[in-house]
$ cat structure-v9.txt   # compact mmCIF, C-alpha atoms and all ligand atoms
# COMPACT_ATOMS: atom_id res chain seq x y z
CA MET O 178 27.92 35.36 9.24
CA HIS O 179 28.95 34.21 5.72
CA THR O 180 31.57 36.31 3.90
CA ASP O 181 33.89 35.55 0.97
CA THR O 182 36.96 35.71 3.22
CA PRO O 183 38.31 32.22 3.99
CA TYR O 184 37.41 31.23 7.55
CA VAL O 185 40.23 30.91 10.06
CA PRO O 186 38.96 29.20 13.22
CA PRO O 187 39.78 31.19 16.38
CA LYS O 188 41.72 29.49 19.20
CA VAL O 189 38.52 28.98 21.17
CA TRP O 190 35.09 28.48 19.61
CA THR O 191 32.39 30.86 20.80
CA TRP O 192 28.65 30.73 20.28
CA ASN O 193 27.68 33.12 17.51
CA LYS O 194 23.90 33.30 17.80
CA GLU O 195 23.59 35.14 14.49
CA ASN O 196 25.25 32.52 12.31
CA GLY O 197 22.21 32.13 10.05
CA GLY O 198 20.90 28.90 8.61
CA GLN O 199 17.43 27.48 8.96
CA PHE O 200 17.84 26.03 12.46
CA ALA O 201 19.93 28.81 14.00
CA LYS O 202 17.10 29.76 16.33
CA ILE O 203 16.86 26.35 18.02
CA ASN O 204 20.49 25.19 17.94
CA ARG O 205 22.43 25.63 21.18
CA PRO O 206 25.81 24.36 22.43
CA VAL O 207 24.33 23.27 25.77
CA ALA O 208 21.83 20.62 26.83
CA GLY O 209 18.88 20.74 29.21
CA ALA O 210 15.53 22.46 29.59
CA THR O 211 14.99 26.12 28.74
CA HIS O 212 11.54 26.36 30.32
CA ASP O 213 9.12 24.53 32.58
CA LYS O 214 6.45 22.61 30.76
CA THR O 215 4.60 19.50 31.86
CA LEU O 216 3.78 17.03 29.09
CA PRO O 217 0.17 15.98 28.57
CA VAL O 218 -0.67 12.32 29.24
CA GLY O 219 -3.54 10.49 27.58
CA ARG O 220 -5.30 7.25 28.49
CA HIS O 221 -3.41 4.77 26.31
CA PRO O 222 -0.44 2.60 27.37
CA MET O 223 1.92 4.35 24.93
CA GLN O 224 2.48 8.09 25.08
CA LEU O 225 4.41 9.40 22.10
CA TYR O 226 5.83 12.93 21.90
CA SER O 227 6.86 13.54 18.32
CA LEU O 228 6.64 15.22 14.93
CA ALA O 229 6.27 13.60 11.47
CA THR O 230 9.88 14.00 10.37
CA PRO O 231 11.49 10.77 9.12
CA ASN O 232 12.65 9.94 12.67
CA GLY O 233 9.16 10.50 14.03
CA VAL O 234 7.43 8.55 11.26
CA LYS O 235 9.42 5.41 12.11
CA VAL O 236 7.61 5.15 15.44
CA THR O 237 4.09 6.00 14.29
CA VAL O 238 4.43 3.45 11.46
CA MET O 239 5.59 0.84 14.00
CA LEU O 240 2.67 1.56 16.34
CA GLU O 241 0.19 1.43 13.46
CA GLU O 242 1.71 -1.85 12.23
CA LEU O 243 1.41 -3.36 15.73
CA LEU O 244 -2.21 -2.25 16.00
CA ALA O 245 -2.89 -3.71 12.53
CA LEU O 246 -1.56 -7.05 13.86
CA GLY O 247 -4.06 -6.86 16.72
CA HIS O 248 -1.73 -5.77 19.56
CA SER O 249 -4.09 -3.54 21.51
CA GLY O 250 -1.28 -2.86 24.01
CA ALA O 251 0.22 -0.64 21.32
CA GLU O 252 -2.68 1.83 21.55
CA TYR O 253 -1.15 5.26 21.74
CA ASP O 254 -1.61 8.96 22.18
CA ALA O 255 0.63 10.92 19.82
CA TRP O 256 1.28 14.44 21.09
CA LEU O 257 2.74 17.11 18.87
CA ILE O 258 6.19 18.51 19.64
CA ARG O 259 6.86 21.55 17.46
CA ILE O 260 10.65 21.52 17.27
CA SER O 261 10.83 24.82 15.38
CA GLU O 262 9.18 26.43 18.40
CA GLY O 263 11.51 24.79 20.94
CA ASP O 264 9.01 22.35 22.52
CA GLN O 265 11.84 19.81 22.80
CA PHE O 266 13.46 22.04 25.44
CA GLY O 267 10.47 21.97 27.81
CA SER O 268 11.26 20.34 31.19
CA GLY O 269 8.74 17.52 30.70
CA PHE O 270 10.17 16.58 27.32
CA VAL O 271 13.77 16.75 28.53
CA ALA O 272 12.85 14.39 31.39
CA ILE O 273 11.89 11.81 28.76
CA ASN O 274 14.67 12.62 26.31
CA PRO O 275 17.72 14.41 27.76
CA ASN O 276 18.91 14.75 24.14
CA SER O 277 15.95 17.08 23.30
CA LYS O 278 15.02 15.43 20.02
CA ILE O 279 11.86 13.76 18.79
CA PRO O 280 10.70 11.00 18.93
CA ALA O 281 10.34 10.20 22.65
CA LEU O 282 8.12 7.47 24.10
CA LEU O 283 6.71 6.94 27.56
CA ASP O 284 5.62 3.32 27.97
CA ARG O 285 3.03 3.35 30.76
CA SER O 286 1.93 -0.27 30.39
CA GLY O 287 3.89 -1.57 33.40
CA PRO O 288 3.93 -0.72 37.12
CA ALA O 289 6.21 2.29 36.53
CA PRO O 290 6.48 4.37 33.35
CA VAL O 291 9.49 3.57 31.17
CA ARG O 292 11.03 6.33 29.07
CA VAL O 293 12.60 5.45 25.73
CA PHE O 294 14.41 7.87 23.42
CA GLU O 295 16.29 7.40 20.12
CA SER O 296 14.06 6.01 17.40
CA GLY O 297 16.12 2.81 17.02
CA ALA O 298 15.78 2.08 20.75
CA ILE O 299 12.04 2.78 20.57
CA LEU O 300 11.61 0.38 17.64
CA MET O 301 13.55 -2.35 19.48
CA HIS O 302 11.62 -1.75 22.69
CA LEU O 303 8.28 -2.16 20.90
CA ALA O 304 9.46 -5.08 18.75
CA GLU O 305 10.67 -7.01 21.82
CA LYS O 306 7.64 -6.12 23.89
CA PHE O 307 5.17 -7.39 21.30
CA GLY O 308 7.36 -10.07 19.66
CA ALA O 309 6.83 -8.54 16.23
CA PHE O 310 8.90 -7.23 13.31
CA LEU O 311 12.15 -8.57 14.83
CA PRO O 312 12.91 -12.18 13.87
CA ALA O 313 13.59 -14.66 16.69
CA ASP O 314 16.05 -16.72 14.65
CA PRO O 315 19.53 -15.49 15.71
CA ALA O 316 20.94 -15.09 12.19
CA GLN O 317 17.86 -13.24 10.92
CA ARG O 318 17.75 -11.11 14.05
CA ALA O 319 21.40 -10.16 13.56
CA GLU O 320 20.75 -9.19 9.94
CA CYS O 321 17.71 -7.12 10.91
CA LEU O 322 19.55 -5.31 13.71
CA SER O 323 22.54 -4.69 11.46
CA TRP O 324 20.34 -2.78 9.02
CA LEU O 325 18.54 -1.00 11.85
CA PHE O 326 21.83 0.28 13.23
CA TRP O 327 23.08 0.98 9.71
CA GLN O 328 20.23 3.46 9.49
CA MET O 329 21.06 5.08 12.81
CA GLY O 330 24.68 5.56 11.73
CA SER O 331 24.03 6.54 8.11
CA ALA O 332 21.10 8.96 8.19
CA PRO O 333 23.02 11.74 9.95
CA TYR O 334 25.21 11.97 6.81
CA LEU O 335 22.05 12.23 4.73
CA GLY O 336 20.20 14.71 6.96
CA GLY O 337 22.82 16.57 8.95
CA GLY O 338 25.41 16.36 6.17
CA PHE O 339 23.91 16.36 2.67
CA GLY O 340 20.48 17.81 3.50
CA HIS O 341 21.91 20.55 5.66
CA PHE O 342 24.42 21.82 3.11
CA TYR O 343 22.29 21.20 -0.01
CA ALA O 344 19.04 22.68 1.32
CA TYR O 345 19.41 24.57 4.59
CA ALA O 346 22.83 26.24 4.92
CA PRO O 347 22.82 30.02 4.41
CA ALA O 348 24.91 29.64 1.21
CA LYS O 349 25.88 26.79 -1.15
CA PHE O 350 29.42 25.52 -0.56
CA GLU O 351 30.83 23.05 -3.07
CA TYR O 352 33.08 21.12 -0.71
CA PRO O 353 30.48 19.82 1.79
CA ILE O 354 27.78 19.32 -0.88
CA ASP O 355 30.19 17.27 -2.98
CA ARG O 356 31.45 15.26 -0.03
CA PHE O 357 28.00 14.39 1.32
CA ALA O 358 26.41 13.81 -2.13
CA MET O 359 29.10 11.18 -2.74
CA GLU O 360 28.39 9.54 0.62
CA VAL O 361 24.60 9.55 0.10
CA LYS O 362 24.96 8.00 -3.36
CA ARG O 363 27.21 5.35 -1.83
CA GLN O 364 24.57 4.66 0.82
CA LEU O 365 21.85 4.36 -1.85
CA ASP O 366 24.06 1.87 -3.67
CA VAL O 367 24.56 -0.13 -0.46
CA LEU O 368 20.78 -0.38 -0.12
CA ASP O 369 20.30 -1.09 -3.82
CA GLN O 370 22.76 -3.98 -3.78
CA ARG O 371 21.17 -5.44 -0.65
CA LEU O 372 17.64 -5.10 -2.05
CA ALA O 373 18.76 -6.85 -5.25
CA GLN O 374 19.34 -9.93 -3.04
CA SER O 375 16.27 -9.94 -0.83
CA GLU O 376 12.75 -8.56 -0.77
CA TYR O 377 13.25 -6.66 2.47
CA LEU O 378 16.38 -5.38 4.19
CA GLY O 379 16.49 -8.13 6.81
CA GLY O 380 15.59 -10.90 4.34
CA ASP O 381 12.18 -12.33 3.39
CA ALA O 382 10.25 -10.60 6.18
CA TYR O 383 9.29 -6.96 6.75
CA THR O 384 11.01 -5.84 9.97
CA ILE O 385 11.97 -2.82 12.07
CA ALA O 386 14.94 -2.43 9.70
CA ASP O 387 12.56 -1.49 6.88
CA ILE O 388 10.49 0.63 9.27
CA ALA O 389 13.61 2.61 10.22
CA VAL O 390 15.18 2.98 6.78
CA TRP O 391 12.08 3.69 4.66
CA PRO O 392 11.13 7.12 6.07
CA TRP O 393 14.58 8.44 5.16
CA TYR O 394 15.71 6.55 2.07
CA GLY O 395 12.24 5.85 0.65
CA ALA O 396 11.47 9.57 0.80
CA LEU O 397 14.85 10.32 -0.78
CA ALA O 398 14.17 7.78 -3.54
CA LYS O 399 10.85 9.50 -4.32
CA GLY O 400 12.58 12.90 -4.56
CA LEU O 401 10.71 14.12 -1.48
CA LEU O 402 13.77 14.95 0.63
CA TYR O 403 15.55 18.25 -0.01
CA SER O 404 14.22 18.33 -3.62
CA ALA O 405 17.33 16.30 -4.44
CA GLY O 406 15.89 13.57 -6.67
CA GLU O 407 17.37 14.86 -9.92
CA PHE O 408 20.66 15.96 -8.35
CA LEU O 409 21.27 12.47 -6.94
CA GLN O 410 19.61 10.63 -9.89
CA VAL O 411 17.60 8.54 -7.45
CA GLN O 412 15.64 6.76 -10.21
CA ASP O 413 18.79 4.76 -11.02
CA TYR O 414 18.50 2.77 -7.78
CA LYS O 415 15.96 0.31 -9.16
CA HIS O 416 15.81 -2.08 -6.22
CA VAL O 417 15.43 0.80 -3.76
CA GLN O 418 12.58 2.06 -5.96
CA ARG O 419 10.85 -1.36 -5.88
CA TRP O 420 11.18 -1.62 -2.09
CA THR O 421 10.04 1.99 -1.57
CA GLU O 422 6.78 1.33 -3.43
CA LEU O 423 6.24 -1.99 -1.67
CA ILE O 424 6.39 -0.37 1.75
CA ALA O 425 4.50 2.78 0.78
CA ALA O 426 1.52 0.60 -0.16
CA ARG O 427 1.09 -0.78 3.39
CA PRO O 428 -2.03 0.68 5.06
CA ALA O 429 -0.24 1.09 8.42
CA VAL O 430 2.52 3.04 6.69
CA LYS O 431 -0.03 5.33 5.06
CA ARG O 432 -1.57 6.03 8.47
CA GLY O 433 1.75 6.35 10.32
CA ARG O 434 2.96 9.04 7.89
CA MET O 435 0.00 11.26 8.76
CA VAL O 436 0.46 11.36 12.52
CA ASN O 437 1.98 14.54 14.01
CA ARG O 438 2.27 15.97 10.50
CA THR O 439 1.86 19.74 10.28
CA TRP O 440 2.71 20.36 6.61
CA GLY O 441 1.60 19.17 3.16
CA GLU O 442 -1.99 18.47 2.06
CA PRO O 443 -4.41 19.21 4.94
CA ALA O 444 -6.00 15.76 4.42
CA SER O 445 -2.58 14.18 5.11
CA GLN O 446 -2.11 15.96 8.46
CA LEU O 447 -3.29 14.42 11.71
CA HIS O 448 -1.70 16.78 14.22
CA GLU O 449 -2.41 14.54 17.20
CA ARG O 450 -3.67 10.99 17.28
CA HIS O 451 -5.62 9.68 20.26
CA GLU O 452 -8.01 7.17 18.67
CA ALA O 453 -7.98 4.96 15.58
CA GLY O 454 -11.01 6.91 14.33
CA ASP O 455 -9.04 10.17 14.33
CA PHE O 456 -7.72 9.32 10.84
CA ASP O 457 -11.27 9.63 9.52
CA THR O 458 -12.47 12.60 11.54
CA LYS O 459 -9.58 14.78 12.74
CA THR O 460 -7.27 15.45 9.79
CA ALA O 461 -6.49 19.14 9.24
CA ASP O 462 -8.98 19.48 6.34
CA LYS O 463 -11.82 18.23 8.59
CA ALA O 464 -10.66 20.09 11.69
CA ALA O 465 -10.73 23.32 9.63
CA VAL O 466 -14.31 22.62 8.52
CA SER O 467 -15.55 21.89 12.07
CA ALA O 468 -13.67 24.85 13.65
N1 LIG M 1 19.09 9.76 16.40
C1 LIG M 1 17.86 10.40 16.77
C2 LIG M 1 17.67 11.63 15.93
C3 LIG M 1 16.46 12.42 16.34
C4 LIG M 1 16.42 13.77 15.65
O1 LIG M 1 17.40 14.21 15.04
N2 LIG M 1 15.29 14.47 15.76
C5 LIG M 1 15.14 15.79 15.19
C6 LIG M 1 13.98 15.85 14.23
S1 LIG M 1 14.14 14.68 12.92
C7 LIG M 1 14.88 16.80 16.29
O2 LIG M 1 14.09 16.55 17.17
N3 LIG M 1 15.52 17.97 16.23
C8 LIG M 1 15.29 19.02 17.16
C9 LIG M 1 16.58 19.64 17.65
O3 LIG M 1 17.65 19.18 17.21
O4 LIG M 1 16.50 20.55 18.46
C10 LIG M 1 16.71 9.42 16.59
O5 LIG M 1 16.78 8.61 15.67
O6 LIG M 1 15.74 9.44 17.38
$ encode --input "structure-v9.txt" --output "structure tokens" --more "lines below"
Ligand SMILES: N[C@@H](CCC(=O)N[C@@H](CS)C(=O)NCC(=O)O)C(=O)O
Amino acid sequence: MHTDTPYVPPKVWTWNKENGGQFAKINRPVAGATHDKTLPVGRHPMQLYSLATPNGVKVTVMLEELLALGHSGAEYDAWLIRISEGDQFGSGFVAINPNSKIPALLDRSGPAPVRVFESGAILMHLAEKFGAFLPADPAQRAECLSWLFWQMGSAPYLGGGFGHFYAYAPAKFEYPIDRFAMEVKRQLDVLDQRLAQSEYLGGDAYTIADIAVWPWYGALAKGLLYSAGEFLQVQDYKHVQRWTELIAARPAVKRGRMVNRTWGEPASQLHERHEAGDFDTKTADKAAVSA
């Protein structure tokens, strides 16, 4: 509970279930399943269990990009995991991701299903499997993977650090907001300086580095994350702005953003995706009409 008295940590931390904050209901200090629940399995080689947060969008964009290139092996069923309702703690989900976070992929294309969790690992798995969006040339590959892992290491400061204290914490505290705003502006400048040198993060080609970074930093640059555009003066990062628009215009990106989305314009929400035609017939606006 927040009070004005300075906090003195006790000798031993204990779990205070009433500590407030937007995610207090789902946060726990232990791992593992809370209930039995089998996951549904569709007919396609790739079974994705996810939600359209930035981490989820990385994978649906990648699958849509692969399909756009003609890789039919990337056909997928995208099942909705409602993290605010604790679906990530169902036994079936935990068997695929012991870390209980979306996105999680079950690749059923081989003799035995392969589970993959962590969005960066999923992007690499798909890129290597289909030989796409990850350059073969060793120097270009190293540059691409460096930016991919930059994203994995940096975004927690943006989401769990800045976003949490600026938008979600039960009260506004200057110290963490100041600390994480400084870090996020530094990160935007890192991207801006890189994108002043090359069209995409990895170089001349669009790669899984862009697919990983765009859902977070592109959304931030458009002022769509945490309503923080003005606070962080995102318009000043001109090269990030150019790159954000370039990627947003890709048809596969437009589709990928819609999958497993349960908020925003009904026409932008495709709660589950099982067929390419679902984008035309099953968005929330149309589902509401046919219900
Ligand atoms: N490093 C992970 C982060 C995944 C992650 O944080 N997922 C969030 C949604 S964006 C989640 O599932 N949260 C549910 C929870 O923490 O219980 C990845 O990139 O896959």
$ axis_aligned_box --input "structure-v9.txt" --around "ligand LIG 1 (chain M)" --padding-each-side "6 Å" --output "JSON"
{"center_x": 16.5, "center_y": 14.6, "center_z": 15.7, "size_x": 17.1, "size_y": 23.9, "size_z": 17.5}
$ residues_around --input "structure-v9.txt" --residues "Asn437 of chain O" --least-positions-apart "2" --cutoff "7 Å" --atoms "only C-alpha atoms" --output "list in words"
Ser227, Leu228, Ala229, Ala255, Leu257, Met435, Thr439, Leu447, His448 and Glu449 of chain O
$ closest_atom_pairs --input "structure-v9.txt" --of "chain O" --to "ligand LIG 1 (chain M)" --cutoff "8 Å" --atoms "only C-alpha atoms and all ligand atoms" --output "tab-separated table"
residue	atom	partner	partner_atom	distance
O:Ile203	CA	M:LIG1	O4	5.8
O:Asn204	CA	M:LIG1	O4	6.1
O:Ser227	CA	M:LIG1	O2	7.9
O:Leu228	CA	M:LIG1	C6	7.4
O:Thr230	CA	M:LIG1	S1	5.0
O:Pro231	CA	M:LIG1	S1	6.1
O:Asn232	CA	M:LIG1	S1	5.0
O:Gly233	CA	M:LIG1	S1	6.6
O:Ile260	CA	M:LIG1	C8	5.3
O:Ser261	CA	M:LIG1	C8	7.5
O:Gly263	CA	M:LIG1	O4	7.0
O:Gln265	CA	M:LIG1	O4	6.4
O:Phe266	CA	M:LIG1	O4	7.8
O:Ser277	CA	M:LIG1	O4	6.0
O:Lys278	CA	M:LIG1	O2	3.2
O:Ile279	CA	M:LIG1	O2	3.9
O:Pro280	CA	M:LIG1	O6	5.5
O:Ala281	CA	M:LIG1	O6	7.6
O:Phe294	CA	M:LIG1	O6	6.4
O:Glu295	CA	M:LIG1	O6	3.5
O:Ser296	CA	M:LIG1	O6	3.8
O:Gly297	CA	M:LIG1	O5	6.0
O:Met329	CA	M:LIG1	N1	6.2
O:Pro333	CA	M:LIG1	N1	7.8
$ closest_atom_pairs --input "structure-v9.txt" --of "segment 211-254 of chain O" --to "segment 421-434 of chain O" --cutoff "10 Å" --atoms "all atoms listed in the file" --output "CSV"
residue,atom,partner,partner_atom,distance
O:Ala229,CA,O:Arg434,CA,6.7
O:Thr230,CA,O:Arg434,CA,8.9
O:Pro231,CA,O:Arg434,CA,8.8
O:Gly233,CA,O:Arg434,CA,8.8
O:Val234,CA,O:Arg434,CA,5.6
O:Lys235,CA,O:Gly433,CA,7.9
O:Val236,CA,O:Gly433,CA,7.9
O:Thr237,CA,O:Gly433,CA,4.6
O:Val238,CA,O:Gly433,CA,4.1
O:Met239,CA,O:Gly433,CA,7.7
O:Leu240,CA,O:Gly433,CA,7.7
O:Glu241,CA,O:Ala429,CA,5.1
O:Glu242,CA,O:Ala429,CA,5.2
O:Leu243,CA,O:Ala429,CA,8.7
O:Leu244,CA,O:Ala429,CA,8.5
O:Ala245,CA,O:Ala429,CA,6.9
O:Leu246,CA,O:Ala429,CA,9.9
$ atom_distance --input "structure-v9.txt" --atom1 "atom CA of Leu409 of chain O" --atom2 "atom CA of Ala358 of chain O"
7.2 Å
$ closest_residue --input "structure-v9.txt" --among "O:Pro312, O:Gly395, O:Pro275, O:Pro183" --to "Leu368 of chain O" --atoms "all atoms listed in the file"
O:Gly395
$ atom_distance --input "structure-v9.txt" --atom1 "atom CA of Phe270 of chain O" --atom2 "atom CA of Ile258 of chain O"
8.9 Å
$ closest_residue --input "structure-v9.txt" --among "O:His212, O:Ile299, O:Ala319, O:Val293" --to "Gly267 of chain O" --atoms "all atoms listed in the file"
O:His212
$ residues_around --input "structure-v9.txt" --residues "Gly338 of chain O" --least-positions-apart "2" --cutoff "12 Å" --atoms "all atoms listed in the file" --output "list in words"
Ser331, Ala332, Pro333, Tyr334, Leu335, Gly336, Gly340, His341, Phe342, Tyr343, Ala344, Tyr345, Ala346, Tyr352, Pro353, Ile354, Asp355, Arg356, Phe357, Ala358, Met359, Glu360, Val361 and Tyr403 of chain O
$ atom_distance --input "structure-v9.txt" --atom1 "atom CA of Leu325 of chain O" --atom2 "atom CA of Ile385 of chain O"
6.8 Å
$ residues_around --input "structure-v9.txt" --residues "Leu378 of chain O" --least-positions-apart "3" --cutoff "7 Å" --atoms "all atoms listed in the file" --output "list in words"
Trp324, Arg371, Leu372, Ser375, Ala386 and Asp387 of chain O
$ closest_residue --input "structure-v9.txt" --among "O:Gln410, O:Ser404, O:Gln418, O:Thr458" --to "Asp369 of chain O" --atoms "all atoms listed in the file"
O:Gln418
$ closest_atom_pairs --input "structure-v9.txt" --of "segment 313-419 of chain O" --to "segment 300-309 of chain O" --cutoff "9 Å" --atoms "only C-alpha atoms" --output "tab-separated table"
residue	atom	partner	partner_atom	distance
O:Ala313	CA	O:Gly308	CA	8.3
O:Leu322	CA	O:Met301	CA	8.8
O:Thr384	CA	O:Ala309	CA	8.0
O:Ile385	CA	O:Leu300	CA	6.4
O:Ile388	CA	O:Leu300	CA	8.4
O:Ala389	CA	O:Leu300	CA	8.0
$ closest_residue --input "structure-v9.txt" --among "O:His416, O:Ile273, O:Phe350, O:Asp457" --to "Val291 of chain O" --atoms "only C-alpha atoms"
O:Ile273
$ closest_residue --input "structure-v9.txt" --among "O:Glu252, O:Gln374, O:His451, O:Pro187" --to "Pro217 of chain O" --atoms "all atoms listed in the file"
O:His451
$ closest_residue --input "structure-v9.txt" --among "O:Gln364, O:Ser445, O:Ser323, O:Thr191" --to "Val411 of chain O" --atoms "all atoms listed in the file"
O:Gln364
$ residues_around --input "structure-v9.txt" --residues "Pro222 of chain O" --least-positions-apart "3" --cutoff "8 Å" --atoms "only C-alpha atoms" --output "PyMOL selection string"
chain O and resi 250-253+284-286
$ decode --input "structure-v9.txt" --residues "segment 261-276 of chain O" --atoms "N, CA, C and O atoms" --output "PDB file, in the first residue's frame"
ATOM      1  N   SER O 261      -4.593 -10.893 -18.732  1.00  0.00           N
ATOM      2  CA  SER O 261      -5.218 -10.234 -17.567  1.00  0.00           C
ATOM      3  C   SER O 261      -6.150 -11.200 -16.835  1.00  0.00           C
ATOM      4  O   SER O 261      -6.512 -10.977 -15.686  1.00  0.00           O
ATOM      5  N   GLU O 262      -6.519 -12.285 -17.509  1.00  0.00           N
ATOM      6  CA  GLU O 262      -7.359 -13.294 -16.849  1.00  0.00           C
ATOM      7  C   GLU O 262      -6.566 -14.507 -16.392  1.00  0.00           C
ATOM      8  O   GLU O 262      -7.145 -15.512 -15.955  1.00  0.00           O
ATOM      9  N   GLY O 263      -5.245 -14.470 -16.548  1.00  0.00           N
ATOM     10  CA  GLY O 263      -4.406 -15.550 -16.015  1.00  0.00           C
ATOM     11  C   GLY O 263      -4.300 -16.778 -16.906  1.00  0.00           C
ATOM     12  O   GLY O 263      -3.856 -17.843 -16.453  1.00  0.00           O
ATOM     13  N   ASP O 264      -4.639 -16.654 -18.204  1.00  0.00           N
ATOM     14  CA  ASP O 264      -4.529 -17.824 -19.103  1.00  0.00           C
ATOM     15  C   ASP O 264      -3.094 -18.351 -19.195  1.00  0.00           C
ATOM     16  O   ASP O 264      -2.890 -19.525 -19.501  1.00  0.00           O
ATOM     17  N   GLN O 265      -2.127 -17.470 -18.947  1.00  0.00           N
ATOM     18  CA  GLN O 265      -0.716 -17.893 -19.057  1.00  0.00           C
ATOM     19  C   GLN O 265      -0.293 -18.832 -17.932  1.00  0.00           C
ATOM     20  O   GLN O 265       0.800 -19.380 -17.953  1.00  0.00           O
ATOM     21  N   PHE O 266      -1.187 -19.011 -16.946  1.00  0.00           N
ATOM     22  CA  PHE O 266      -0.876 -19.928 -15.835  1.00  0.00           C
ATOM     23  C   PHE O 266      -1.620 -21.248 -15.963  1.00  0.00           C
ATOM     24  O   PHE O 266      -1.608 -22.059 -15.038  1.00  0.00           O
ATOM     25  N   GLY O 267      -2.279 -21.479 -17.096  1.00  0.00           N
ATOM     26  CA  GLY O 267      -2.910 -22.781 -17.346  1.00  0.00           C
ATOM     27  C   GLY O 267      -1.830 -23.825 -17.604  1.00  0.00           C
ATOM     28  O   GLY O 267      -0.771 -23.517 -18.164  1.00  0.00           O
ATOM     29  N   SER O 268      -2.098 -25.090 -17.235  1.00  0.00           N
ATOM     30  CA  SER O 268      -1.060 -26.134 -17.336  1.00  0.00           C
ATOM     31  C   SER O 268      -0.562 -26.320 -18.770  1.00  0.00           C
ATOM     32  O   SER O 268       0.629 -26.528 -18.992  1.00  0.00           O
ATOM     33  N   GLY O 269      -1.459 -26.240 -19.749  1.00  0.00           N
ATOM     34  CA  GLY O 269      -1.047 -26.430 -21.138  1.00  0.00           C
ATOM     35  C   GLY O 269      -0.104 -25.324 -21.589  1.00  0.00           C
ATOM     36  O   GLY O 269       0.907 -25.580 -22.254  1.00  0.00           O
ATOM     37  N   PHE O 270      -0.407 -24.097 -21.196  1.00  0.00           N
ATOM     38  CA  PHE O 270       0.460 -22.983 -21.590  1.00  0.00           C
ATOM     39  C   PHE O 270       1.825 -23.096 -20.899  1.00  0.00           C
ATOM     40  O   PHE O 270       2.873 -22.933 -21.536  1.00  0.00           O
ATOM     41  N   VAL O 271       1.805 -23.419 -19.624  1.00  0.00           N
ATOM     42  CA  VAL O 271       3.068 -23.516 -18.871  1.00  0.00           C
ATOM     43  C   VAL O 271       3.962 -24.633 -19.444  1.00  0.00           C
ATOM     44  O   VAL O 271       5.190 -24.527 -19.425  1.00  0.00           O
ATOM     45  N   ALA O 272       3.325 -25.669 -20.004  1.00  0.00           N
ATOM     46  CA  ALA O 272       4.124 -26.745 -20.615  1.00  0.00           C
ATOM     47  C   ALA O 272       4.872 -26.233 -21.844  1.00  0.00           C
ATOM     48  O   ALA O 272       5.942 -26.736 -22.191  1.00  0.00           O
ATOM     49  N   ILE O 273       4.334 -25.210 -22.491  1.00  0.00           N
ATOM     50  CA  ILE O 273       5.017 -24.642 -23.666  1.00  0.00           C
ATOM     51  C   ILE O 273       5.934 -23.499 -23.261  1.00  0.00           C
ATOM     52  O   ILE O 273       7.003 -23.308 -23.824  1.00  0.00           O
ATOM     53  N   ASN O 274       5.516 -22.724 -22.282  1.00  0.00           N
ATOM     54  CA  ASN O 274       6.394 -21.668 -21.764  1.00  0.00           C
ATOM     55  C   ASN O 274       6.395 -21.683 -20.236  1.00  0.00           C
ATOM     56  O   ASN O 274       5.481 -21.137 -19.607  1.00  0.00           O
ATOM     57  N   PRO O 275       7.438 -22.272 -19.639  1.00  0.00           N
ATOM     58  CA  PRO O 275       7.515 -22.335 -18.177  1.00  0.00           C
ATOM     59  C   PRO O 275       7.629 -20.955 -17.535  1.00  0.00           C
ATOM     60  O   PRO O 275       7.465 -20.809 -16.322  1.00  0.00           O
ATOM     61  N   ASN O 276       7.875 -19.929 -18.376  1.00  0.00           N
ATOM     62  CA  ASN O 276       7.976 -18.551 -17.888  1.00  0.00           C
ATOM     63  C   ASN O 276       6.621 -17.839 -17.888  1.00  0.00           C
ATOM     64  O   ASN O 276       6.533 -16.684 -17.486  1.00  0.00           O
TER      65      ASN O 276
END
